[in-house]
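Chemist: I'd like to ask you about the structure that follows.
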Amino acid sequence: MKTAAIIPVKTFSNAKTRLGLPLNQIEKICKIMLEEILQTLSISPQIDEIIIVSQDQTALNISKKFGAVQIIDKNETGVNNAVSLADEYLLKNNFETSIVFPQDIPYLKTQDIDFILKFKGEKNFAIIVPSRRFDGTNALVRNPVNLMKTHYDEDSYKIHMSVAKEKTRDVSMVFSKRIMWDVDNLEDLKFLLTQNEKPAFSKKIHDVLELDG
């Protein structure tokens, strides 16, 4: 089953404004988080290709180190459009399954990908991992890749569950804590730093906050 990971990446200078931090800190944190998730995806035996959709040149340069396919989102009109651009590429290249991940789940590990894919069917299935607050979607698995359109930024978890059930009977809601831990605001970031999951990553974030704070 040919599987791709899709990562839409908003321009760093426009991202994570709810962190309430200086722009230089936000940009550095975004870079560190993107590098972390790309590193994990690049060593996952479940992922055949990584697709990054962005117009941010720094993000695209980072993705080169991990062999990601780059799709330029010239207009940056939102996550849903970014995913649709990736879908077009995947359909042309005969991918069967896609997993949409946000860039802000840095504690993702390869075993988390293994775990959620245990719930996959043979065909026509969806797997949805909600965010920690159950208001977003932190992993969306679709087979085929165009099984359903995405509805990010719209209380997406509930909508994705509803739309998926209209398209197939094989829909799984899966809880995976490290995937559910995203970074929307400073409270989320502080929460992540209290978890003993990836000490090297945590140190990088601490260094950014201390050196620039």
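In the structure tokens, chains take letters A, B, ... by order of appearance, with residues numbered from 1 within each chain and ligands from 1 in the order shown.
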So that I can check the surroundings of stretch 120-126 of chain A, please list as number ranges by chain every protein, DNA and RNA residue that reaches within 12 Å of it, counting only C-alpha atoms and ignoring chain neighbours fewer than 2 positions away.
Modeler: A: 1-3, 96-100, 113-118, 128-129, 139-150, 160-174
Chemist: Using only C-alpha atoms, which residues sit within 7 Å of stretch 49-64 of chain A once same-chain residues fewer than 5 positions away are excluded, as a list in words?
Modeler: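 Those residues are Thr3, Ala4, Ala5, Ile6, Ile7, Pro8, Val9, Lys10, Thr11, Phe12, Glu35, Val69, Gln70, Ile71, Ile72, Asp73, Lys74, Glu76, Ala82 and Ala86 of chain A.
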Chemist: Suppose we keep N, CA and C atoms; can you now write the selection as a compact mmCIF listing (two decimals), in the first residue's frame?
Modeler:
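Once written, selection_25.txt looks like this:
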# COMPACT_ATOMS: atom_id res chain seq x y z
N THR A 3 2.08 4.72 0.50
CA THR A 3 1.59 5.71 1.46
C THR A 3 2.48 6.94 1.50
N ALA A 4 1.86 8.10 1.50
CA ALA A 4 2.59 9.37 1.59
C ALA A 4 2.12 10.17 2.79
N ALA A 5 3.04 10.92 3.37
CA ALA A 5 2.71 11.88 4.42
C ALA A 5 2.66 13.27 3.80
N ILE A 6 1.61 13.99 4.09
CA ILE A 6 1.44 15.36 3.60
C ILE A 6 1.61 16.32 4.78
N ILE A 7 2.49 17.31 4.60
CA ILE A 7 2.67 18.32 5.64
C ILE A 7 2.48 19.70 5.02
N PRO A 8 1.34 20.34 5.27
CA PRO A 8 1.17 21.73 4.84
C PRO A 8 1.91 22.65 5.82
N VAL A 9 2.69 23.57 5.30
CA VAL A 9 3.48 24.45 6.16
C VAL A 9 3.19 25.91 5.83
N LYS A 10 2.63 26.60 6.78
CA LYS A 10 2.36 28.03 6.62
C LYS A 10 3.67 28.81 6.71
N THR A 11 3.75 29.92 6.00
CA THR A 11 4.93 30.78 6.07
C THR A 11 5.27 31.07 7.53
N PHE A 12 6.51 30.81 7.92
CA PHE A 12 6.90 30.90 9.33
C PHE A 12 6.57 32.26 9.94
N GLU A 35 11.73 20.37 11.44
CA GLU A 35 12.86 19.44 11.33
C GLU A 35 12.59 18.16 12.11
N VAL A 69 9.27 15.64 -1.25
CA VAL A 69 8.77 16.25 -2.48
C VAL A 69 8.21 17.62 -2.13
N GLN A 70 8.59 18.62 -2.90
CA GLN A 70 8.18 19.99 -2.60
C GLN A 70 7.11 20.45 -3.58
N ILE A 71 6.01 20.91 -3.03
CA ILE A 71 4.94 21.51 -3.84
C ILE A 71 4.81 22.96 -3.39
N ILE A 72 4.97 23.88 -4.33
CA ILE A 72 4.92 25.29 -3.99
C ILE A 72 3.47 25.76 -3.94
N ASP A 73 3.08 26.25 -2.78
CA ASP A 73 1.73 26.81 -2.59
C ASP A 73 1.84 28.32 -2.79
N LYS A 74 1.75 28.77 -4.02
CA LYS A 74 2.04 30.16 -4.36
C LYS A 74 1.13 31.15 -3.65
N GLU A 76 -0.92 30.43 -0.93
CA GLU A 76 -1.11 30.10 0.49
C GLU A 76 -2.51 30.47 0.96
N ALA A 82 -3.81 23.49 0.33
CA ALA A 82 -2.49 22.85 0.32
C ALA A 82 -2.64 21.33 0.19
N ALA A 86 -1.45 18.58 -2.87
CA ALA A 86 -0.74 17.32 -2.63
C ALA A 86 -1.53 16.14 -3.19
Chemist: Please report as JSON lines every residue of stretch 21-54 of chain A lying within 12 Å of stretch 180-201 of chain A, along with the nearest atom pair and their distance in Å (one decimal), using only C-alpha atoms.
Modeler:
{"residue": "A:Leu21", "atom": "CA", "partner": "A:Leu186", "partner_atom": "CA", "distance": 8.2}
{"residue": "A:Pro22", "atom": "CA", "partner": "A:Leu186", "partner_atom": "CA", "distance": 12.0}
{"residue": "A:Gln25", "atom": "CA", "partner": "A:Leu186", "partner_atom": "CA", "distance": 11.9}
{"residue": "A:Ile26", "atom": "CA", "partner": "A:Leu186", "partner_atom": "CA", "distance": 10.6}
{"residue": "A:Ile29", "atom": "CA", "partner": "A:Leu189", "partner_atom": "CA", "distance": 9.9}
{"residue": "A:Cys30", "atom": "CA", "partner": "A:Val183", "partner_atom": "CA", "distance": 10.0}
{"residue": "A:Lys31", "atom": "CA", "partner": "A:Phe201", "partner_atom": "CA", "distance": 11.5}
{"residue": "A:Ile32", "atom": "CA", "partner": "A:Phe201", "partner_atom": "CA", "distance": 7.7}
{"residue": "A:Met33", "atom": "CA", "partner": "A:Phe201", "partner_atom": "CA", "distance": 8.3}
{"residue": "A:Leu34", "atom": "CA", "partner": "A:Phe201", "partner_atom": "CA", "distance": 11.2}
{"residue": "A:Glu35", "atom": "CA", "partner": "A:Phe201", "partner_atom": "CA", "distance": 9.9}
{"residue": "A:Glu36", "atom": "CA", "partner": "A:Phe201", "partner_atom": "CA", "distance": 7.5}
{"residue": "A:Ile37", "atom": "CA", "partner": "A:Phe201", "partner_atom": "CA", "distance": 10.7}
{"residue": "A:Gln39", "atom": "CA", "partner": "A:Phe201", "partner_atom": "CA", "distance": 11.5}
{"residue": "A:Thr40", "atom": "CA", "partner": "A:Lys198", "partner_atom": "CA", "distance": 11.6}
Chemist: Run DSSP on the backbone of this structure and report the residues of chain A it assigns to strand (DSSP E), as a PyMOL selection string.
Modeler: chain A and resi 3-8+49-54+69-72+97-100+125-130+137-143+170-173
Chemist: Limited to C-alpha atoms, could you put the picked residues into a file as a PDB file, in the first residue's frame?
Modeler:
ATOM      1  CA  THR A   3       1.588   5.706   1.465  1.00  0.00           C
ATOM      2  CA  ALA A   4       2.588   9.369   1.586  1.00  0.00           C
ATOM      3  CA  ALA A   5       2.713  11.879   4.420  1.00  0.00           C
ATOM      4  CA  ILE A   6       1.439  15.358   3.602  1.00  0.00           C
ATOM      5  CA  ILE A   7       2.669  18.319   5.639  1.00  0.00           C
ATOM      6  CA  PRO A   8       1.172  21.732   4.845  1.00  0.00           C
ATOM      7  CA  GLU A  49       7.213   9.612   0.437  1.00  0.00           C
ATOM      8  CA  ILE A  50       6.951  12.923   2.281  1.00  0.00           C
ATOM      9  CA  ILE A  51       5.117  15.787   0.595  1.00  0.00           C
ATOM     10  CA  ILE A  52       5.637  19.308   1.893  1.00  0.00           C
ATOM     11  CA  VAL A  53       3.324  22.047   0.620  1.00  0.00           C
ATOM     12  CA  SER A  54       4.500  25.584   1.321  1.00  0.00           C
ATOM     13  CA  VAL A  69       8.766  16.249  -2.481  1.00  0.00           C
ATOM     14  CA  GLN A  70       8.177  19.990  -2.599  1.00  0.00           C
ATOM     15  CA  ILE A  71       4.944  21.510  -3.841  1.00  0.00           C
ATOM     16  CA  ILE A  72       4.922  25.295  -3.988  1.00  0.00           C
ATOM     17  CA  THR A  97      -3.002   6.184   1.039  1.00  0.00           C
ATOM     18  CA  SER A  98      -2.142   9.588   2.479  1.00  0.00           C
ATOM     19  CA  ILE A  99      -1.660  10.833   6.016  1.00  0.00           C
ATOM     20  CA  VAL A 100      -2.023  14.556   6.648  1.00  0.00           C
ATOM     21  CA  PHE A 125     -11.037   3.762   4.871  1.00  0.00           C
ATOM     22  CA  ALA A 126     -10.315   6.781   7.030  1.00  0.00           C
ATOM     23  CA  ILE A 127      -8.435   7.118  10.312  1.00  0.00           C
ATOM     24  CA  ILE A 128      -8.713  10.293  12.355  1.00  0.00           C
ATOM     25  CA  VAL A 129      -6.614  11.359  15.339  1.00  0.00           C
ATOM     26  CA  PRO A 130      -8.009  14.448  17.097  1.00  0.00           C
ATOM     27  CA  THR A 137      -7.366  16.936  13.396  1.00  0.00           C
ATOM     28  CA  ASN A 138      -3.741  15.986  14.057  1.00  0.00           C
ATOM     29  CA  ALA A 139      -3.637  13.001  11.713  1.00  0.00           C
ATOM     30  CA  LEU A 140      -5.962  12.213   8.854  1.00  0.00           C
ATOM     31  CA  VAL A 141      -5.461   8.952   6.969  1.00  0.00           C
ATOM     32  CA  ARG A 142      -7.378   8.560   3.695  1.00  0.00           C
ATOM     33  CA  ASN A 143      -7.577   5.635   1.315  1.00  0.00           C
ATOM     34  CA  ASP A 170     -14.600   2.017   7.643  1.00  0.00           C
ATOM     35  CA  VAL A 171     -13.842   5.040   9.840  1.00  0.00           C
ATOM     36  CA  SER A 172     -11.638   4.806  12.930  1.00  0.00           C
ATOM     37  CA  MET A 173     -11.115   7.427  15.611  1.00  0.00           C
TER      38      MET A 173
END
Chemist: Quick one: pull the distance between atom CA of A:Leu19 and atom CA of A:Tyr107, Å, one decimal.
Modeler: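 Going from atom CA of A:Leu19 over to atom CA of A:Tyr107 covers 18.0 Å.
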Chemist: Give the answer as one residue: which of A:Lys203, A:Gln111, A:Leu38, A:Tyr152 has the shortest atom-to-atom distance to A:Thr77, using only C-alpha atoms?
Modeler: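 Closest candidate: A:Tyr152.
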Chemist: Which of these residues is nearest to A:Lys109, using only C-alpha atoms: A:Ser202, A:Lys28, A:Phe175, A:Ser44?
Modeler: A:Ser44
Chemist: Using only C-alpha atoms, pick whichever of A:Phe134, A:Glu154, A:Ile47, A:Thr17 has the shortest atom-to-atom distance to A:Phe95.
Modeler: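 For A:Phe95, the nearest of the candidates is A:Ile47.
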Chemist: Could you tell me, as a PyMOL selection string, which residues of stretch 17-213 of chain A DSSP assigns to helix (DSSP H, G or I) when given the backbone?
Modeler: chain A and resi 17-19+23-42+57-64+79-92+110-119+156-167+177-180+186-193+199-212
Chemist: Please report the interatomic distance between atom CA of A:Gly136 and atom CA of A:Asp153 in Å with one decimal.
Modeler: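 That distance, rounded to one decimal, is 7.5 Å.
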Chemist: Looking at only C-alpha atoms, which of A:Ile179, A:Ile205, A:Leu85, A:Leu23 is the one that sits closest to A:Asp104?
Modeler: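 Once distances to A:Asp104 are computed over only C-alpha atoms, the minimum belongs to A:Ile179.
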